[in-house]
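Student: Just so it is clear, I am handing over upload26.pdb, which has PDB, C-alpha atoms.
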```
ATOM      1  CA  MET A 263      55.189  78.807 109.289  1.00  0.00           C
ATOM      2  CA  ILE A 264      57.227  80.838 106.760  1.00  0.00           C
ATOM      3  CA  PHE A 265      60.815  81.854 107.359  1.00  0.00           C
ATOM      4  CA  PHE A 266      62.670  84.490 105.380  1.00  0.00           C
ATOM      5  CA  VAL A 267      66.399  84.191 105.190  1.00  0.00           C
ATOM      6  CA  THR A 268      68.654  86.862 103.802  1.00  0.00           C
ATOM      7  CA  VAL A 269      72.012  85.620 102.686  1.00  0.00           C
ATOM      8  CA  THR A 270      74.695  88.205 102.124  1.00  0.00           C
ATOM      9  CA  THR A 271      77.778  87.037 100.317  1.00  0.00           C
ATOM     10  CA  LYS A 272      80.746  88.871  98.980  1.00  0.00           C
ATOM     11  CA  LYS A 273      80.594  89.134  95.224  1.00  0.00           C
ATOM     12  CA  ALA A 274      83.584  89.419  92.935  1.00  0.00           C
ATOM     13  CA  ASN A 275      84.163  92.487  90.791  1.00  0.00           C
ATOM     14  CA  SER A 276      85.444  92.412  87.216  1.00  0.00           C
ATOM     15  CA  LYS A 277      88.997  92.089  88.589  1.00  0.00           C
ATOM     16  CA  GLY A 278      88.018  88.941  90.524  1.00  0.00           C
ATOM     17  CA  GLU A 279      88.346  90.692  93.895  1.00  0.00           C
ATOM     18  CA  LYS A 280      85.861  89.776  96.640  1.00  0.00           C
ATOM     19  CA  LEU A 281      83.504  92.653  97.400  1.00  0.00           C
ATOM     20  CA  ASP A 282      81.689  93.500 100.600  1.00  0.00           C
ATOM     21  CA  PRO A 283      77.915  93.860 100.035  1.00  0.00           C
ATOM     22  CA  ASN A 284      78.094  97.398 101.480  1.00  0.00           C
ATOM     23  CA  PRO A 285      79.373  99.497  98.537  1.00  0.00           C
ATOM     24  CA  LYS A 286      81.067 101.967 100.865  1.00  0.00           C
ATOM     25  CA  ASN A 287      83.344  99.184 102.114  1.00  0.00           C
ATOM     26  CA  ASN A 288      84.878  98.686  98.662  1.00  0.00           C
ATOM     27  CA  CYS A 289      87.261 101.301  97.341  1.00  0.00           C
ATOM     28  CA  GLY A 290      86.901 101.746  93.576  1.00  0.00           C
ATOM     29  CA  VAL A 291      90.673 101.599  93.247  1.00  0.00           C
ATOM     30  CA  SER A 292      91.899  98.045  92.640  1.00  0.00           C
ATOM     31  CA  SER A 293      93.065  96.404  95.863  1.00  0.00           C
ATOM     32  CA  LYS A 294      96.617  96.336  94.512  1.00  0.00           C
ATOM     33  CA  TYR A 295      96.507 100.174  94.355  1.00  0.00           C
ATOM     34  CA  CYS A 296      94.378 100.819  97.471  1.00  0.00           C
ATOM     35  CA  SER A 297      96.589 102.210 100.246  1.00  0.00           C
ATOM     36  CA  ALA A 298      94.136 101.065 102.906  1.00  0.00           C
ATOM     37  CA  THR A 299      94.911  97.434 102.037  1.00  0.00           C
ATOM     38  CA  ASP A 300      98.591  98.000 102.910  1.00  0.00           C
ATOM     39  CA  ALA A 301      99.299  96.446 106.315  1.00  0.00           C
ATOM     40  CA  THR A 302     101.447  99.454 107.305  1.00  0.00           C
ATOM     41  CA  PHE A 303      98.791 102.048 106.381  1.00  0.00           C
ATOM     42  CA  LYS A 304      97.974 104.073 109.500  1.00  0.00           C
ATOM     43  CA  ALA A 305      95.191 106.555 108.585  1.00  0.00           C
ATOM     44  CA  LYS A 306      92.077 106.404 110.728  1.00  0.00           C
ATOM     45  CA  ASP A 307      88.542 107.378 109.773  1.00  0.00           C
ATOM     46  CA  LEU A 308      89.161 107.400 106.045  1.00  0.00           C
ATOM     47  CA  GLN A 309      87.024 109.852 104.098  1.00  0.00           C
ATOM     48  CA  TRP A 310      85.096 108.641 101.059  1.00  0.00           C
ATOM     49  CA  VAL A 311      84.034 110.239  97.775  1.00  0.00           C
ATOM     50  CA  GLN A 312      81.411 108.876  95.390  1.00  0.00           C
ATOM     51  CA  CYS A 313      81.487 109.080  91.597  1.00  0.00           C
ATOM     52  CA  MET A 314      78.640 111.312  90.456  1.00  0.00           C
ATOM     53  CA  SER A 315      78.103 109.118  87.405  1.00  0.00           C
ATOM     54  CA  CYS A 316      78.354 105.456  88.440  1.00  0.00           C
ATOM     55  CA  ASP A 317      78.020 105.809  92.259  1.00  0.00           C
ATOM     56  CA  GLN A 318      81.278 103.888  92.943  1.00  0.00           C
ATOM     57  CA  TRP A 319      82.906 104.856  96.252  1.00  0.00           C
ATOM     58  CA  PHE A 320      86.622 105.664  96.681  1.00  0.00           C
ATOM     59  CA  HIS A 321      88.854 106.396  99.654  1.00  0.00           C
ATOM     60  CA  VAL A 322      89.800 110.057  99.275  1.00  0.00           C
ATOM     61  CA  TRP A 323      93.347 109.001 100.217  1.00  0.00           C
ATOM     62  CA  CYS A 324      93.482 106.638  97.223  1.00  0.00           C
ATOM     63  CA  VAL A 325      92.747 109.434  94.749  1.00  0.00           C
ATOM     64  CA  ARG A 326      94.304 112.491  96.449  1.00  0.00           C
ATOM     65  CA  LEU A 327      96.971 111.129  98.828  1.00  0.00           C
ATOM     66  CA  ASN A 328      95.326 113.083 101.639  1.00  0.00           C
ATOM     67  CA  ASN A 329      92.259 112.491 103.754  1.00  0.00           C
ATOM     68  CA  ARG A 330      90.540 115.865 103.318  1.00  0.00           C
ATOM     69  CA  THR A 331      86.825 115.629 102.631  1.00  0.00           C
ATOM     70  CA  TYR A 332      85.649 116.796  99.233  1.00  0.00           C
ATOM     71  CA  LYS A 333      83.763 120.076  99.448  1.00  0.00           C
ATOM     72  CA  GLU A 334      80.115 120.115  98.474  1.00  0.00           C
ATOM     73  CA  GLU A 335      80.836 122.165  95.346  1.00  0.00           C
ATOM     74  CA  GLU A 336      83.585 119.799  94.162  1.00  0.00           C
ATOM     75  CA  VAL A 337      82.622 117.199  91.599  1.00  0.00           C
ATOM     76  CA  PHE A 338      84.104 113.728  91.311  1.00  0.00           C
ATOM     77  CA  PHE A 339      83.791 111.452  88.304  1.00  0.00           C
ATOM     78  CA  CYS A 340      85.802 108.246  87.916  1.00  0.00           C
ATOM     79  CA  CYS A 341      84.418 107.276  84.529  1.00  0.00           C
ATOM     80  CA  GLY A 342      83.378 108.629  81.176  1.00  0.00           C
ATOM     81  CA  ALA A 343      84.517 111.767  79.415  1.00  0.00           C
ATOM     82  CA  ASP A 344      84.329 113.773  82.657  1.00  0.00           C
ATOM     83  CA  ALA A 345      86.672 111.519  84.673  1.00  0.00           C
ATOM     84  CA  CYS A 346      88.717 113.653  87.089  1.00  0.00           C
ATOM     85  CA  PRO A 347      92.515 113.594  86.803  1.00  0.00           C
ATOM     86  CA  GLU A 348      92.794 112.406  90.425  1.00  0.00           C
ATOM     87  CA  ALA A 349      90.414 109.514  89.737  1.00  0.00           C
ATOM     88  CA  ILE A 350      92.423 108.476  86.693  1.00  0.00           C
ATOM     89  CA  ALA A 351      95.670 108.718  88.695  1.00  0.00           C
ATOM     90  CA  GLY A 352      94.175 106.583  91.467  1.00  0.00           C
ATOM     91  CA  LEU A 353      92.795 103.983  89.099  1.00  0.00           C
ATOM     92  CA  ASN A 354      96.019 103.564  87.125  1.00  0.00           C
ATOM     93  CA  GLY A 355      98.237 103.273  90.214  1.00  0.00           C
ATOM     94  CA  GLU A 356      99.991 106.662  90.094  1.00  0.00           C
ATOM     95  CA  VAL A 357      98.680 107.733  93.518  1.00  0.00           C
ATOM     96  CA  TYR A 358      99.683 104.405  95.066  1.00  0.00           C
ATOM     97  CA  ALA A 359     103.179 104.698  93.547  1.00  0.00           C
ATOM     98  CA  LYS A 360     103.560 108.124  95.213  1.00  0.00           C
ATOM     99  CA  TYR A 361     102.357 106.633  98.512  1.00  0.00           C
ATOM    100  CA  VAL A 362     104.932 103.824  98.296  1.00  0.00           C
ATOM    101  CA  SER A 363     107.659 106.323  97.382  1.00  0.00           C
ATOM    102  CA  ARG A 364     106.815 108.499 100.395  1.00  0.00           C
ATOM    103  CA  LYS A 365     106.862 105.432 102.647  1.00  0.00           C
ATOM    104  CA  ARG A 366     110.338 104.510 101.399  1.00  0.00           C
ATOM    105  CA  ASP A 367     111.633 108.053 101.954  1.00  0.00           C
ATOM    106  CA  ASN A 368     110.484 108.133 105.590  1.00  0.00           C
TER     107      ASN A 368
END
```
Mind turning this structure into structure tokens?
Tutor:
Amino acid sequence: MIFFVTVTTKKANSKGEKLDPNPKNNCGVSSKYCSATDATFKAKDLQWVQCMSCDQWFHVWCVRLNNRTYKEEEVFFCCGADACPEAIAGLNGEVYAKYVSRKRDN
């Protein structure tokens, strides 16, 4: 008798953060800048956008500070020479800083 066992473990990314094996469960923004990791974050049904170059997924909220779905004709790159300004702002913490500022003001 032969048994096949599939073991799924969370891997760590280059930042040492544990990753879910489903790539769409891991926002490309570092967990310290991902609004969805904030315990007070209230958005439901977060929209996702995928980098057209490296296939990394991002919460739209983490790169745009809104949850509106990207239109089919919109392009999104998080890396390389074509990296979008919103991707860069999300990756370097600017979007998260605006989120925190808005939270404080409310």
Student: Write out as an MDAnalysis selection string the residues lying within 12 Å of Asp300 in chain A, counting only C-alpha atoms and excluding same-chain residues fewer than 3 positions away.
Tutor: chainID A and resid 293:297 303:305 324 358 361:362 365
Student: Mind pulling up the distance from CA of Asp317 in chain A to CA of Phe339 in chain A?
Tutor: 9.0 Å
Student: Taking 2 positions as the minimum chain separation for residues in the same chain, which residues sit within 12 Å of Arg330 in chain A when counting only C-alpha atoms? Answer as a CSV table (one decimal) with C-alpha atoms, in the coordinates of the input.
Tutor:
```csv
chain,number,residue,atom,x,y,z
A,305,ALA,CA,95.2,106.6,108.6
A,307,ASP,CA,88.5,107.4,109.8
A,308,LEU,CA,89.2,107.4,106.0
A,309,GLN,CA,87.0,109.9,104.1
A,310,TRP,CA,85.1,108.6,101.1
A,311,VAL,CA,84.0,110.2,97.8
A,321,HIS,CA,88.9,106.4,99.7
A,322,VAL,CA,89.8,110.1,99.3
A,323,TRP,CA,93.3,109.0,100.2
A,324,CYS,CA,93.5,106.6,97.2
A,325,VAL,CA,92.7,109.4,94.7
A,326,ARG,CA,94.3,112.5,96.4
A,327,LEU,CA,97.0,111.1,98.8
A,328,ASN,CA,95.3,113.1,101.6
A,332,TYR,CA,85.6,116.8,99.2
A,333,LYS,CA,83.8,120.1,99.4
```
Student: If we count only C-alpha atoms and set the cut-off at 7 Å, which residues sit around Phe338 in chain A, ignoring sequence neighbours fewer than 4 positions away in its own chain? Please answer as a list of chain:residue names.
Tutor: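 Contacts, with the query itself left out: A:Gln312, A:Cys313, A:Met314, A:Cys346.
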Student: When you count all atoms listed in the file, which of these residues is closest to Trp319 in chain A: A:Arg366, A:Pro347, A:Ala359, A:Val291?
Tutor: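 Of A:Arg366, A:Pro347, A:Ala359, A:Val291, the one nearest Trp319 in chain A, counting all atoms listed in the file, is A:Val291.
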Student: Which of these, A:Glu334, A:Cys341, A:Asn368, A:Phe320, has the shortest distance to Ser292 in chain A once you count all atoms listed in the file?
Tutor: A:Phe320
Student: Please determine, counting all atoms listed in the file, which residue among A:Thr331, A:Asn288, A:Thr299, A:Gln318 has the shortest atom-to-atom distance to Ala349 in chain A.
Tutor: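 Closest residue, counting all atoms listed in the file: A:Gln318.
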Student: By how many Å are CA of Ser315 in chain A and CA of Ala345 in chain A apart?
Tutor: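 Going from CA of Ser315 in chain A over to CA of Ala345 in chain A, I get 9.3 Å.
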Student: Provide the CA of Ile350 in chain A to CA of Lys306 in chain A distance in Å, to one decimal place.
Tutor: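 CA of Ile350 in chain A sits 24.1 Å away from CA of Lys306 in chain A.
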